[in-house]
Amino acid sequence: MKVLIFIVRVLLGLVFIVSGFLKAMDPLGSSYKFHDYFVAFGWTNLESFTLPLAFMLSALEFTIGIMLFFNLKARLGIWLAFFLELIFTPLTLWLAISNAVSDCGCFGDCIKLSNWETFVKNVVLIVLVIFLLIYRKRIDNPLSDNVELAISSTSFVLAILFQFYTIHHLPIYDCRPYKVGTYIPDQMVIPEDAPRDEIEHLFIMENTQTGEQKKFTLEEYPSDTQLWKYVDREDNVIKEGYRPPIHDFTMVSPDDSTGTDYVPMLMNFENPVLLVVMHKLEKADEDGLEMLKELEDYANRKEYVIGALTSSNADVIAQVKDKYQVTMQFFNTDDITLKTIVRANPGIVLLKQGTILGKWNYRDFKF
């Protein structure tokens, strides 16, 4: 029994350490996930708490993992793990049923699980935690309470400090599809044999005699056109097909009414391209915006092509260009895509003929 308790304790500790560390490596990503949860629950007024909650959750998970793995205040760690699983197990069941959020973000962007896989994972975890709760009195703490508390507290503080570092720079390891070295066109390809979306076409028809509206599948489409009149159509995705790692990257000029996508042109420039990524100009760091003119001058000296990507509208773009005296071309790109490309606002990306050569938080860019 002691061996079994030891194995369960170490395995649980390892899972919590990995989960907490991967979240701490990318606190902005975790905050975006909290935002998704709040939108799903209709709690949009809690937007300002997303980043603090991301910091606290990753630090707590990491600390619980340290406590369990190294047997430091392990009984307290077991209780903390139990309370977390009491929250996450029903939450992930709801996610699996509703699919309100496509990915729970349990292990950041580095380990992707489906919602049902996440729920099963939490069921296994809570069973293991309950096992340790039952036999918690058989776990002896090797050190004094003060020493164990000091080490556990230090782990929590280090996890918080590590997140402050990553949020002011960039994640130390990039698990997203836009990491350095990526050739973007390759990540946008859909293989010929890849599964496609399975779509159900529903036709909304109105009974000309009673005014009743009813939905019909293609196979059920009524042949009596005198009795049933077409009103509208719904296309529902029953099963999603293959999605390439990069499937939503477009660049549209806010001044171009044709909606032309400039990504193919971006891939074909012979000169390097410097992209300034600002998912929301209204939320961009002031110090970063003040660098725009310097970045533009630097690109001109180096004979780089320079452009800016944002999801902000044309009026906000015009205000920024006027205030900071820049002439670079701005393009509109999906907000989520921009957050995925680089975890900074502003962030800087260097490409050459479609290959990402470098990524920086504006604080780290060297002229």
# chains A, B, ... in the order shown; residues from 1 in each chain; ligands from 1
call {"tool": "residues_around", "arguments": {"residues": "segment 3-20 of chain A", "least_positions_apart": "2", "cutoff": "7 Å", "atoms": "only C-alpha atoms", "output": "list in words"}}
result
Met1, Leu22, Lys23, Ala24, Ser58, Ala59, Glu61, Phe62, Ile64, Gly65, Ile66, Leu68, Phe69, Cys106, Phe107, Leu128 and Leu132 of chain A
call {"tool": "select_by_dssp", "arguments": {"residues": "segment 101-326 of chain A", "states": "strand (DSSP E or B)", "output": "ChimeraX atom specification"}}
result
/A:183,198-207,213-217,228-239,252,261,273-278,305-310
call {"tool": "residues_around", "arguments": {"residues": "Arg343 of chain A", "least_positions_apart": "6", "cutoff": "10 Å", "atoms": "only C-alpha atoms", "output": "list in words"}}
result
Asp26, Pro27, Leu28, Gly29, Thr166, Ile167, His168, His169, Leu170, Pro171, Asp174, Val277, Met278, His279, Lys359, Trp360 and Asn361 of chain A
call {"tool": "write_last_selection", "arguments": {"atoms": "N, CA and C atoms", "output": "PDB file, in the first residue's frame"}}
result
ATOM      1  N   ASP A  26       2.979  30.595 -20.604  1.00  0.00           N
ATOM      2  CA  ASP A  26       2.202  31.433 -21.513  1.00  0.00           C
ATOM      3  C   ASP A  26       0.984  32.009 -20.789  1.00  0.00           C
ATOM      4  N   PRO A  27       1.189  32.915 -19.819  1.00  0.00           N
ATOM      5  CA  PRO A  27       0.054  33.430 -19.051  1.00  0.00           C
ATOM      6  C   PRO A  27      -0.962  34.199 -19.894  1.00  0.00           C
ATOM      7  N   LEU A  28      -0.496  34.859 -20.959  1.00  0.00           N
ATOM      8  CA  LEU A  28      -1.462  35.554 -21.817  1.00  0.00           C
ATOM      9  C   LEU A  28      -2.405  34.561 -22.492  1.00  0.00           C
ATOM     10  N   GLY A  29      -1.851  33.421 -22.918  1.00  0.00           N
ATOM     11  CA  GLY A  29      -2.696  32.392 -23.512  1.00  0.00           C
ATOM     12  C   GLY A  29      -3.736  31.889 -22.528  1.00  0.00           C
ATOM     13  N   THR A 166       7.699  36.054 -18.461  1.00  0.00           N
ATOM     14  CA  THR A 166       7.224  35.654 -19.785  1.00  0.00           C
ATOM     15  C   THR A 166       6.259  36.675 -20.382  1.00  0.00           C
ATOM     16  N   ILE A 167       5.475  37.320 -19.539  1.00  0.00           N
ATOM     17  CA  ILE A 167       4.503  38.270 -20.069  1.00  0.00           C
ATOM     18  C   ILE A 167       5.183  39.557 -20.548  1.00  0.00           C
ATOM     19  N   HIS A 168       6.360  39.853 -20.010  1.00  0.00           N
ATOM     20  CA  HIS A 168       7.102  41.034 -20.445  1.00  0.00           C
ATOM     21  C   HIS A 168       8.077  40.724 -21.576  1.00  0.00           C
ATOM     22  N   HIS A 169       8.174  39.450 -21.929  1.00  0.00           N
ATOM     23  CA  HIS A 169       9.033  39.053 -23.048  1.00  0.00           C
ATOM     24  C   HIS A 169       8.186  38.161 -23.959  1.00  0.00           C
ATOM     25  N   LEU A 170       8.561  36.914 -24.137  1.00  0.00           N
ATOM     26  CA  LEU A 170       7.749  35.958 -24.868  1.00  0.00           C
ATOM     27  C   LEU A 170       7.879  34.603 -24.181  1.00  0.00           C
ATOM     28  N   PRO A 171       6.933  33.682 -24.407  1.00  0.00           N
ATOM     29  CA  PRO A 171       7.088  32.339 -23.827  1.00  0.00           C
ATOM     30  C   PRO A 171       8.450  31.739 -24.186  1.00  0.00           C
ATOM     31  N   ASP A 174       7.728  28.088 -27.787  1.00  0.00           N
ATOM     32  CA  ASP A 174       6.523  28.424 -28.552  1.00  0.00           C
ATOM     33  C   ASP A 174       5.865  27.148 -29.066  1.00  0.00           C
ATOM     34  N   VAL A 277       2.809  43.462 -35.013  1.00  0.00           N
ATOM     35  CA  VAL A 277       1.527  42.828 -34.697  1.00  0.00           C
ATOM     36  C   VAL A 277       0.932  43.486 -33.455  1.00  0.00           C
ATOM     37  N   MET A 278      -0.253  44.070 -33.612  1.00  0.00           N
ATOM     38  CA  MET A 278      -0.948  44.728 -32.500  1.00  0.00           C
ATOM     39  C   MET A 278      -2.410  44.313 -32.562  1.00  0.00           C
ATOM     40  N   HIS A 279      -2.786  43.290 -31.785  1.00  0.00           N
ATOM     41  CA  HIS A 279      -4.123  42.734 -31.956  1.00  0.00           C
ATOM     42  C   HIS A 279      -5.212  43.774 -31.697  1.00  0.00           C
ATOM     43  N   LYS A 359      10.892  36.378 -33.808  1.00  0.00           N
ATOM     44  CA  LYS A 359       9.742  36.978 -33.134  1.00  0.00           C
ATOM     45  C   LYS A 359      10.236  37.640 -31.857  1.00  0.00           C
ATOM     46  N   TRP A 360       9.694  38.825 -31.556  1.00  0.00           N
ATOM     47  CA  TRP A 360      10.122  39.556 -30.374  1.00  0.00           C
ATOM     48  C   TRP A 360       8.934  40.255 -29.714  1.00  0.00           C
ATOM     49  N   ASN A 361       8.963  40.337 -28.423  1.00  0.00           N
ATOM     50  CA  ASN A 361       8.208  41.371 -27.721  1.00  0.00           C
ATOM     51  C   ASN A 361       8.904  42.688 -28.047  1.00  0.00           C
TER      52      ASN A 361
END
call {"tool": "closest_residue", "arguments": {"among": "A:Trp94, A:Phe131, A:Tyr362, A:Phe164", "to": "Pro52 of chain A", "atoms": "only C-alpha atoms"}}
result
A:Phe164
call {"tool": "closest_residue", "arguments": {"among": "A:Phe365, A:Phe82, A:Glu294, A:Leu53", "to": "Leu133 of chain A", "atoms": "only C-alpha atoms"}}
result
A:Phe82
call {"tool": "select_by_dssp", "arguments": {"residues": "segment 99-203 of chain A", "states": "helix (DSSP H, G or I)", "output": "PyMOL selection string"}}
result
chain A and resi 115-134+136-138+145-168+184-188
call {"tool": "residues_around", "arguments": {"residues": "Leu274 of chain A", "least_positions_apart": "2", "cutoff": "6 Å", "atoms": "only C-alpha atoms", "output": "list in words"}}
result
Ile306, Val349 and Leu350 of chain A
call {"tool": "write_last_selection", "arguments": {"atoms": "N, CA, C and O atoms", "output": "PDB file, in the first residue's frame"}}
result
ATOM      1  N   ILE A 306       7.883  46.723 -44.528  1.00  0.00           N
ATOM      2  CA  ILE A 306       7.297  46.807 -43.191  1.00  0.00           C
ATOM      3  C   ILE A 306       5.789  47.010 -43.292  1.00  0.00           C
ATOM      4  O   ILE A 306       5.295  47.725 -44.177  1.00  0.00           O
ATOM      5  N   VAL A 349       7.469  40.502 -35.856  1.00  0.00           N
ATOM      6  CA  VAL A 349       7.750  39.244 -36.543  1.00  0.00           C
ATOM      7  C   VAL A 349       8.544  39.550 -37.799  1.00  0.00           C
ATOM      8  O   VAL A 349       8.179  40.427 -38.581  1.00  0.00           O
ATOM      9  N   LEU A 350       9.638  38.808 -38.004  1.00  0.00           N
ATOM     10  CA  LEU A 350      10.465  38.957 -39.201  1.00  0.00           C
ATOM     11  C   LEU A 350      10.283  37.726 -40.079  1.00  0.00           C
ATOM     12  O   LEU A 350      10.463  36.587 -39.618  1.00  0.00           O
TER      13      LEU A 350
END
call {"tool": "residues_around", "arguments": {"residues": "Asp287 of chain A", "least_positions_apart": "4", "cutoff": "12 Å", "atoms": "only C-alpha atoms", "output": "list in words"}}
result
Lys283, Met291, Leu292, Lys293, Glu294, Tyr324, Asn345, Pro346, Gly347, Asn361, Tyr362 and Arg363 of chain A
call {"tool": "atom_distance", "arguments": {"atom1": "atom CA of Thr327 of chain A", "atom2": "atom CA of Phe249 of chain A"}}
result
23.3 Å
call {"tool": "closest_atom_pairs", "arguments": {"of": "segment 207-305 of chain A", "to": "segment 186-190 of chain A", "cutoff": "9 Å", "atoms": "only C-alpha atoms", "output": "JSON lines"}}
result
{"residue": "A:Tyr242", "atom": "CA", "partner": "A:Ile190", "partner_atom": "CA", "distance": 7.4}
{"residue": "A:Arg243", "atom": "CA", "partner": "A:Ile190", "partner_atom": "CA", "distance": 7.4}
{"residue": "A:Pro244", "atom": "CA", "partner": "A:Met188", "partner_atom": "CA", "distance": 5.5}
{"residue": "A:Pro245", "atom": "CA", "partner": "A:Gln187", "partner_atom": "CA", "distance": 5.5}
{"residue": "A:Ile246", "atom": "CA", "partner": "A:Met188", "partner_atom": "CA", "distance": 5.0}
{"residue": "A:His247", "atom": "CA", "partner": "A:Met188", "partner_atom": "CA", "distance": 5.8}
{"residue": "A:Asp248", "atom": "CA", "partner": "A:Met188", "partner_atom": "CA", "distance": 8.7}
{"residue": "A:Phe249", "atom": "CA", "partner": "A:Met188", "partner_atom": "CA", "distance": 8.7}
call {"tool": "residues_around", "arguments": {"residues": "Ile238 of chain A", "least_positions_apart": "3", "cutoff": "12 Å", "atoms": "only C-alpha atoms", "output": "CSV table (one decimal) with C-alpha atoms, in the first residue's frame"}}
result
chain,number,residue,atom,x,y,z
A,196,ARG,CA,-13.8,17.3,-45.0
A,197,ASP,CA,-16.5,18.9,-42.9
A,198,GLU,CA,-19.7,16.9,-42.7
A,199,ILE,CA,-22.5,19.4,-43.2
A,200,GLU,CA,-26.2,18.9,-42.8
A,201,HIS,CA,-28.3,21.1,-45.1
A,202,LEU,CA,-31.7,22.1,-43.6
A,235,ASP,CA,-26.0,24.6,-42.9
A,241,GLY,CA,-13.0,17.9,-41.0
call {"tool": "atom_distance", "arguments": {"atom1": "atom CA of Phe119 of chain A", "atom2": "atom CA of Ile172 of chain A"}}
result
28.5 Å
call {"tool": "atom_distance", "arguments": {"atom1": "atom CA of Ser152 of chain A", "atom2": "atom CA of Leu80 of chain A"}}
result
12.7 Å
call {"tool": "closest_residue", "arguments": {"among": "A:Ala299, A:Leu93, A:Ala284, A:Ile87", "to": "Ser312 of chain A", "atoms": "only C-alpha atoms"}}
result
A:Ala284
